[in-house]
Amino acid sequence: KPEPDLALVVREIAEEMQARSDRGDVAGYIPELARVDPNAFGMVVIAADGQIAAGGDSEQPFSIQSVSKVFTLTLALGKVGDRLWRRVGREPSGTAFNSIVQLERENGVPRNPFINAGALAVTDVILSGHQPREALGEILRFMRFLADDVSIVIDEGVAGSEQRTGFRNAALANYMRSFGVIENPVDFTLGVYFHHCAIAMSCRQLAMAGRFLAHGGRNPETGHNVVTPERARRINALMLTCGHYDGSGEFAYRVGLPGKSGVGGGILAVAPGKASIAVWSPGLDASGNSHLGRIALEALTRRMGWSIFGA
Ligand code: GLN
């Protein structure tokens, strides 16, 4: 049976999503994100051969939020290797992305690098030995390098908005600091975290940045070996099991790809050996994952036969 025409499939899915009325609710707890147009929808798929299939608002930058946690994890592993796992676990949490309950039982060690507590610990690792400004510069430079695009910037309005209202993240950071899981002044760690969450990227830029994960650690566009094949495989495993918080099981069941969501409505998904995929729709489901983003990815993997669990 011939491979479906990817460009056509992506265009069709974008049209189907734009026509739907169920969209979920935009993240209300970050004032700046509450103002984003809930009707936006964009999707970009970059295939192994470099073909770019795009639909909808594919060039419009949005707040990548927790999708940035894939890239901070990659950087932290590059800096300290497997010692990172002393500070953060590798198990799905089954709790909300901003939950605090499990930290008390587990000596302040977060379950995985993708819930907020875990991502704060990862950011703290990147920060150690640096000034916040330097750590943030390193993260931003990494995103530009991966996407091969120097125009990527941080949305200071979003960062400031979270800095003023991120009381829950401050609680998580202070709690972990009391166990020594966070080593730097909590305000520094939080500042770097809020700013990397506030990086703005389009679906095209995000799909480009994710290419190394789809191709054994190497970006076929730039030819850069970003990480070893083993590390790429492991990051993908974490994305599959933890990338959608307490919605990770449902995402694996419906979509069948490693994926990382953000409350800006973005999802980066990886079809190993086949494609890097970015989708954006700001309305969220009850777990804080993009509602239409997930539905669009489900349609894509079904039509292309790309689920890692088989057609
Ligand atoms: N910056 C957001 C927060 O810390 C990220 C959460 C998310 O995208 N799930 O709450």
# chains A, B, ... in the order shown; residues from 1 in each chain; ligands from 1
>>> residues_near_ligand(ligand="ligand 1", cutoff="6 Å", atoms="only C-alpha atoms and all ligand atoms", output="list of chain:residue names")
A:Gln65, A:Ser66, A:Phe97, A:Asn116, A:Phe194, A:Cys197, A:Gly262, A:Val263
>>> select_by_dssp(residues="range 124-191 of chain A", states="helix (DSSP H, G or I)", output="NGL selection string")
:A and (124-127 or 132-147 or 156-165 or 167-178 or 186-191)
>>> residues_around(residues="Phe41 in chain A", least_positions_apart="3", cutoff="8 Å", atoms="only C-alpha atoms", output="number ranges by chain")
A: 14, 17-18, 56-58, 279-282
>>> residues_around(residues="Pro258 in chain A", least_positions_apart="5", cutoff="7 Å", atoms="only C-alpha atoms", output="PyMOL selection string")
chain A and resi 236-237+239-240+269-270
>>> write_last_selection(atoms="C-alpha atoms", output="mmCIF file, in the first residue's frame")
data_model
loop_
_atom_site.group_PDB
_atom_site.id
_atom_site.type_symbol
_atom_site.label_atom_id
_atom_site.label_comp_id
_atom_site.auth_asym_id
_atom_site.auth_seq_id
_atom_site.Cartn_x
_atom_site.Cartn_y
_atom_site.Cartn_z
ATOM 1 C CA ASN A 236 12.211 9.696 23.729
ATOM 2 C CA ALA A 237 11.360 7.036 26.321
ATOM 3 C CA MET A 239 8.734 11.782 26.589
ATOM 4 C CA LEU A 240 6.522 8.762 25.963
ATOM 5 C CA ALA A 269 6.159 14.729 18.934
ATOM 6 C CA VAL A 270 8.763 12.359 17.563
#
>>> residues_around(residues="Val26 in chain A", least_positions_apart="2", cutoff="6 Å", atoms="only C-alpha atoms", output="list in words")
Gly28, Ala34, Pro282, Gly283 and Leu284 of chain A
>>> closest_residue(among="A:Arg141, A:Arg254, A:Arg303, A:His291", to="Ala27 in chain A", atoms="only C-alpha atoms")
A:His291
>>> select_by_dssp(residues="range 59-238 of chain A", states="strand (DSSP E)", output="list in words")
Phe62, Ser63, Val153, Ile154, Ile199, Ala200 and Met201 of chain A
>>> write_last_selection(atoms="C-alpha atoms", output="compact mmCIF listing (two decimals), in the first residue's frame")
# COMPACT_ATOMS: atom_id res chain seq x y z
CA PHE A 62 3.81 30.82 20.58
CA SER A 63 4.98 30.26 24.15
CA VAL A 153 13.71 34.98 21.43
CA ILE A 154 12.21 34.95 24.91
CA ILE A 199 10.78 31.05 24.76
CA ALA A 200 8.58 31.79 21.74
CA MET A 201 8.80 29.53 18.70
>>> atom_distance(atom1="CA of Val125 in chain A", atom2="CA of Ile277 in chain A")
28.0 Å
>>> residues_around(residues="Phe179 in chain A", least_positions_apart="6", cutoff="12 Å", atoms="only C-alpha atoms", output="PyMOL selection string")
chain A and resi 87+103-110+121+172-173
